[in-house]
Amino acid sequence: MSTQDQQYSDNKVDNRTEKEKAVDAWLPITGSRNAKWWYAAFHNVTAMVGAGVLSLPFAMSELGWGPGIAVLVISWVVTLYTLWQMVEMHEIVPGKRFDRYHELGQHAFGEKLGLYIVVPQQLIVEVGVCIVYMVTGGRSLKTFHDLVCDECKEIKLTFFIMIFASVHFVLSHLPNFNSISGVSLAAAVMSLSYSTIAWTASLSKGVQPDVQYGYKAKTTIGTVFNFFSALGDVAFAYAGHNVVLEIQATIPSTPGKPSKGPMWKGVIVAYIVVAICYFPVALIGYYVYGNSVSDNILETVSKPTWLIAMANLFVVVHVIGSYQIYAMPVFDMIETVLVKRLNFTPSFLLRFITRNTYVALTMFVGICFPFFGGLLGFFGGFAFAPTTYFCIYLSVFNFVTFSRILSFMGTQSTDDMKSFDESKEPIPDASSFDERTEEQKAIDAWLPITGSRNAKWWYAAFHNVTAMVGAGVLSLPYAMSNLGWGPGVVILILSWIITLYTLWQMVEMHEIIPGKRFDRYHELGQEAFGEKLGLYIVVPQQLICEVGVDIVYMVTGGTSIKKIHHILCPDCKEIKTTYFIMIFASVHFVLSHLPNFNSISGVSLAAAVMSLTYSTIAWTASVSKGMQEKVEYGYKGKNPSETTFYFLTALGDVAFAYAGHNVVLEIQATIPSTPEKPSKGPMWKGVVVAYVVVALCYFPVAFVGYYMFGNQVADNILISLQKPKWLIAAANLFVVIHVIGSYQIYAMPVFDMIETLLVKKMNFKPTWMLRFCTRNIYVAFTMFVGITFPFFGGLLGFFGGLAFAPTTYFLPCIMWLCICKPKRFSLSWCTNWICIFLGLCLMILSPIGGLYNIIKQAKDYKFYS
């Protein structure tokens, strides 16, 4: 039986054309289906037992004996269970095989959403692993060279990474999974070999004198961050799920003998090998060296030299195989898009160019970011955990219950989500009739967002100014110092244009369906992604943004009050920031009881005026002070890695500065609307005015502040401006007034979510007492977190990238593509995909810098300071 006949042996009819069969036979994943169960065994060993095993003793030193053993064992059990689920789901639909992770995601979540949910995570994992292994291979080659020839001239790591990459410029042209079986088998043997060397050499060396097992961080926050990083290392160590369906796709299958039988047999053998590698290395390595163990156990085990050199050579051979295992699904994705979507002819030249480009890309990134330990921890938690630990559970949930839930709720699944013109019945104009009961009308009139709809366009203008021009503007000169003139100017202007475009999209989509208003961000998400998934995708991100802003503004308000006190009374006794945050919070224990958006219009107007005022003070005072002596504009990082992290942090600062999208639909909901005069008219007018004000605030502050102070500017420009004191005190007072209004703007949608849940879902009565309790609890919560983590600069960078980039830069574009469905390769389609790409880059890169900034300054942090 031929490969392609085998592929469809369990189907009654094969409707593919000869051309389609030829394409499937050419693609890496579906090109060969004659693998045996032992192929699955060593492919899985190669995929899982990678460089991560060498960091497990170091992870144990940061977790401690009890938590460390528990995390390792539980991870082994949980990931074995989730891997079993994937093996079972490979052929869970009769006559169909899910040969790729994203195909399973599409079946679980819908044709479009399956791609949106799975592909970005899978690409982050697989490309991330290839980059990390590029660094690991080069580093191990360098270690091998230094051990064998300790008197030779020092050679840069860059060149060893290039040597390691040269192997892949050849091996990457092996066409499919089965063609790399020999490489994978050798890699699996090597992984067992160097793991055995690591723990036996440690055991031979014996427990070190004065070994200590306590946490080595000198501060509590350092210990906590190290613990979190270790969790990422463990997640990285159990990463084989990202290629398991692709491995199973190589095994032949018939109705009588499905592929899950031999695949599960191979998985069991692989997991036994995993246990033999992981547990002895982790436990013995930590037992022998304690908390002085290196993040690569082979660096700690320095003798005998010949054995450690050989172990590093084994690591090189192993990561050659691992790189190929993780690269093959990426090759398949790229070649599928080129051949099936873009209609390229499947040829040797096409494969030669695409695969060499991919290897060159991973080599280049590996050379630029050779941070082995940091990459393990970050990628481990950020990317591997979803695809390994819980994304599979979501797939199972959707298989079993998704259709049933949607049917019960009277909604359609995302698979049926065609153009809204085709899939939905015409919705009558809202003014023609209202099906709500009197009780429902009363509840909607009580809720904060739908409680009042009599706002004017200028309300939208100052609400948007208050939401956008926040404390972030004061950090823009500092962001410029980390970006440099060229990148800084480009990123600021590009962000202004992109976010204005995505904000316009949201304004347009507010009433894109006749007779219906999407008054809340998550309602628009539900229209785009489906009733359930819209909530899963939008609500967590929106809550992170809005609650995160309120926490940061709680800190900013308290810090600014403290500065006013210090300026006006320099001889007064030092008072903790904690008390000033509590003073700032006391205002919100009163203002938070204003019922809806329109009721805080006065506060918002005052805040908008203050934002323009203190921004003007910031740049005019800088001009007045003049250019500082010996001003420098070069990067202030002491080395390339530090400069890179500072650059990434600055991206997060910029993302934080453009955060108004999280409340724009809620602001538009306050404007009256009729079919003749829809709300998008006055709303867009207000947005344009707001964005003019944003430009007047952001660009002068950023450019003038950086021009005057250079790379010595503080992360808050008002700190650099120490004189005249009365003016700086006034500016800080304006900041306080502004963040009072901003806090309320971002808190109102959160109040609406809480009160909607309590009244509509849990059937509480809409009363003053309910509102009094919930809002006071929320203010108290943000105050408590702000007091506990008063780290202004670091929080900006981290939250900026992790939370604001999706909701501001690319989530509106994805919704536009789902709802409006512009023609492929049209101007709208291309523009949205460019914004999505740039937004994803921002979301992935900037939290790295923010987290680095937090960790680096952790020694200076004090809880409840």
# chains A, B, ... in the order shown; residues from 1 in each chain; ligands from 1
>>> residues_around(residues="Pro262 of chain A", least_positions_apart="4", cutoff="10 Å", atoms="only C-alpha atoms", output="PyMOL selection string")
chain A and resi 35-41+248+251-253+257-258+266-267
>>> write_last_selection(atoms="N, CA, C and O atoms", output="short mmCIF file (atom, residue, chain, number, x, y, z; two decimals), in the first residue's frame")
data_model
loop_
_atom_site.label_atom_id
_atom_site.label_comp_id
_atom_site.auth_asym_id
_atom_site.auth_seq_id
_atom_site.Cartn_x
_atom_site.Cartn_y
_atom_site.Cartn_z
N ALA A 35 6.60 4.69 9.64
CA ALA A 35 7.39 4.61 10.86
C ALA A 35 6.90 3.49 11.77
O ALA A 35 5.73 3.11 11.75
N LYS A 36 7.80 2.96 12.60
CA LYS A 36 7.49 1.93 13.60
C LYS A 36 7.35 2.59 14.97
O LYS A 36 7.67 3.76 15.15
N TRP A 37 6.93 1.78 15.95
CA TRP A 37 6.70 2.35 17.27
C TRP A 37 7.99 2.87 17.89
O TRP A 37 7.99 3.84 18.64
N TRP A 38 9.12 2.21 17.58
CA TRP A 38 10.37 2.67 18.17
C TRP A 38 10.85 4.00 17.57
O TRP A 38 11.62 4.72 18.19
N TYR A 39 10.37 4.32 16.35
CA TYR A 39 10.64 5.65 15.82
C TYR A 39 10.01 6.69 16.75
O TYR A 39 10.62 7.71 17.07
N ALA A 40 8.76 6.43 17.14
CA ALA A 40 8.07 7.35 18.05
C ALA A 40 8.81 7.48 19.37
O ALA A 40 8.88 8.57 19.96
N ALA A 41 9.39 6.37 19.84
CA ALA A 41 10.12 6.38 21.11
C ALA A 41 11.31 7.33 21.04
O ALA A 41 11.43 8.25 21.86
N GLN A 248 3.29 11.29 15.38
CA GLN A 248 2.29 10.24 15.20
C GLN A 248 1.82 10.14 13.74
O GLN A 248 1.44 9.06 13.28
N ILE A 251 3.25 7.38 11.49
CA ILE A 251 2.95 5.97 11.75
C ILE A 251 1.74 5.55 10.91
O ILE A 251 0.72 6.26 10.88
N PRO A 252 1.79 4.41 10.22
CA PRO A 252 0.64 3.98 9.41
C PRO A 252 -0.56 3.66 10.29
O PRO A 252 -0.41 3.32 11.46
N SER A 253 -1.75 3.78 9.71
CA SER A 253 -2.96 3.57 10.49
C SER A 253 -4.05 2.98 9.62
O SER A 253 -4.24 3.37 8.47
N LYS A 257 -5.96 -1.38 12.97
CA LYS A 257 -4.74 -1.10 13.72
C LYS A 257 -4.46 0.41 13.67
O LYS A 257 -3.63 0.86 12.87
N PRO A 258 -5.15 1.18 14.51
CA PRO A 258 -4.92 2.64 14.49
C PRO A 258 -3.52 2.98 15.01
O PRO A 258 -2.91 2.21 15.75
N GLY A 266 5.47 3.73 22.04
CA GLY A 266 6.68 4.54 21.93
C GLY A 266 6.75 5.62 22.99
O GLY A 266 7.83 5.90 23.53
N VAL A 267 5.61 6.23 23.32
CA VAL A 267 5.58 7.28 24.33
C VAL A 267 5.96 6.73 25.70
O VAL A 267 6.71 7.37 26.46
#
>>> select_by_dssp(residues="segment 69-121 of chain A", states="alpha helix (DSSP H)", output="MDAnalysis selection string")
chainID A and resid 69:89 101:109 111:121
>>> closest_residue(among="A:Val274, A:Ala695, A:Leu245, A:Val281", to="Gln85 of chain A", atoms="only C-alpha atoms")
A:Leu245
>>> closest_residue(among="A:Thr556, A:Ser193, A:Gln744, A:Ser679", to="Leu307 of chain A", atoms="only C-alpha atoms")
A:Ser193
>>> residues_around(residues="Val489 of chain A", least_positions_apart="3", cutoff="12 Å", atoms="only C-alpha atoms", output="PyMOL selection string")
chain A and resi 476-477+479-486+492-496+654+698-700+702-704+706
>>> closest_atom_pairs(of="segment 694-766 of chain A", to="segment 583-595 of chain A", cutoff="12 Å", atoms="only C-alpha atoms", output="tab-separated table")
residue	atom	partner	partner_atom	distance
A:Leu733	CA	A:Phe584	CA	11.6
A:Val735	CA	A:Phe584	CA	11.7
A:Val736	CA	A:Phe584	CA	8.2
A:Ile737	CA	A:Phe584	CA	9.9
A:His738	CA	A:Phe584	CA	11.9
A:Val739	CA	A:Phe584	CA	9.7
A:Ile740	CA	A:His588	CA	7.6
A:Gly741	CA	A:Leu591	CA	9.3
A:Ser742	CA	A:His588	CA	11.2
A:Tyr743	CA	A:His588	CA	8.3
A:Gln744	CA	A:Ser592	CA	6.8
A:Ile745	CA	A:Ser592	CA	10.1
A:Tyr746	CA	A:Ser592	CA	11.0
A:Ala747	CA	A:Ser592	CA	8.1
A:Met748	CA	A:Ser592	CA	8.2
A:Pro749	CA	A:Pro595	CA	11.5
A:Val750	CA	A:Ser592	CA	11.2
A:Phe751	CA	A:Ser592	CA	9.0
A:Asp752	CA	A:Pro595	CA	9.9
A:Glu755	CA	A:Pro595	CA	11.3
A:Pro766	CA	A:Pro595	CA	11.8
>>> closest_atom_pairs(of="segment 582-690 of chain A", to="segment 442-447 of chain A", cutoff="12 Å", atoms="only C-alpha atoms", output="JSON lines")
{"residue": "A:Leu594", "atom": "CA", "partner": "A:Leu447", "partner_atom": "CA", "distance": 11.5}
{"residue": "A:Pro595", "atom": "CA", "partner": "A:Leu447", "partner_atom": "CA", "distance": 7.8}
{"residue": "A:Asn596", "atom": "CA", "partner": "A:Leu447", "partner_atom": "CA", "distance": 7.4}
{"residue": "A:Phe597", "atom": "CA", "partner": "A:Leu447", "partner_atom": "CA", "distance": 10.2}
{"residue": "A:Glu666", "atom": "CA", "partner": "A:Leu447", "partner_atom": "CA", "distance": 11.7}
{"residue": "A:Ala669", "atom": "CA", "partner": "A:Leu447", "partner_atom": "CA", "distance": 11.9}
{"residue": "A:Thr670", "atom": "CA", "partner": "A:Ala445", "partner_atom": "CA", "distance": 11.7}
>>> write_last_selection(atoms="all heavy atoms", output="tab-separated table (two decimals), in the first residue's frame")
chain	number	residue	atom	x	y	z
A	594	LEU	N	-19.49	57.07	42.26
A	594	LEU	CA	-20.20	57.73	41.16
A	594	LEU	C	-20.68	56.64	40.22
A	594	LEU	O	-19.90	55.77	39.82
A	594	LEU	CB	-19.29	58.72	40.45
A	594	LEU	CG	-18.85	59.93	41.29
A	594	LEU	CD1	-17.78	60.73	40.57
A	594	LEU	CD2	-20.06	60.81	41.61
A	595	PRO	N	-21.96	56.65	39.82
A	595	PRO	CA	-22.55	55.44	39.25
A	595	PRO	C	-22.07	55.02	37.86
A	595	PRO	O	-21.94	53.83	37.58
A	595	PRO	CB	-24.05	55.77	39.21
A	595	PRO	CG	-24.12	57.26	39.22
A	595	PRO	CD	-22.95	57.72	40.02
A	596	ASN	N	-21.77	55.99	36.95
A	596	ASN	CA	-21.48	55.60	35.57
A	596	ASN	C	-20.49	56.57	34.93
A	596	ASN	O	-20.01	57.51	35.59
A	596	ASN	CB	-22.76	55.51	34.75
A	596	ASN	CG	-23.60	56.77	34.86
A	596	ASN	OD1	-23.11	57.88	34.70
A	596	ASN	ND2	-24.89	56.59	35.17
A	597	PHE	N	-20.20	56.34	33.65
A	597	PHE	CA	-19.21	57.15	32.94
A	597	PHE	C	-19.55	58.63	32.93
A	597	PHE	O	-18.70	59.49	33.18
A	597	PHE	CB	-19.05	56.65	31.49
A	597	PHE	CG	-17.78	55.86	31.29
A	597	PHE	CD1	-17.83	54.53	30.93
A	597	PHE	CD2	-16.54	56.45	31.44
A	597	PHE	CE1	-16.66	53.80	30.74
A	597	PHE	CE2	-15.37	55.74	31.25
A	597	PHE	CZ	-15.43	54.41	30.90
A	666	GLU	N	-16.55	51.29	25.72
A	666	GLU	CA	-17.35	51.68	26.88
A	666	GLU	C	-17.61	53.20	26.86
A	666	GLU	O	-18.68	53.66	27.28
A	666	GLU	CB	-16.65	51.27	28.17
A	666	GLU	CG	-16.66	49.78	28.45
A	666	GLU	CD	-15.62	48.97	27.69
A	666	GLU	OE1	-14.90	49.56	26.84
A	666	GLU	OE2	-15.51	47.75	27.91
A	669	ALA	N	-20.22	53.89	24.24
A	669	ALA	CA	-21.55	53.46	24.69
A	669	ALA	C	-22.33	54.58	25.36
A	669	ALA	O	-23.56	54.51	25.46
A	669	ALA	CB	-21.42	52.27	25.64
A	670	THR	N	-21.62	55.62	25.82
A	670	THR	CA	-22.31	56.72	26.52
A	670	THR	C	-22.88	57.75	25.54
A	670	THR	O	-23.59	58.66	25.95
A	670	THR	CB	-21.34	57.44	27.47
A	670	THR	OG1	-20.29	58.07	26.70
A	670	THR	CG2	-20.71	56.46	28.44
>>> closest_residue(among="A:Phe58, A:Trp26, A:Tyr633, A:Phe580", to="Gly232 of chain A", atoms="only C-alpha atoms")
A:Phe58
>>> residues_around(residues="segment 519-530 of chain A", least_positions_apart="4", cutoff="10 Å", atoms="only C-alpha atoms", output="ChimeraX atom specification")
/A:109-110,112-113,406,411-417,420,449-450,506,509-513,534-542,661-670,749,752-753,807,811-812,814-820
>>> residues_around(residues="Val87 of chain A", least_positions_apart="4", cutoff="9 Å", atoms="only C-alpha atoms", output="list in words")
Thr82, Leu83, Glu91, Val244, Leu245, Gln248, Ser259, Lys260, Gly261, Met263 and Trp264 of chain A
>>> closest_residue(among="A:Gln208, A:Gln628, A:Ser202, A:Thr223", to="Leu298 of chain A", atoms="only C-alpha atoms")
A:Ser202
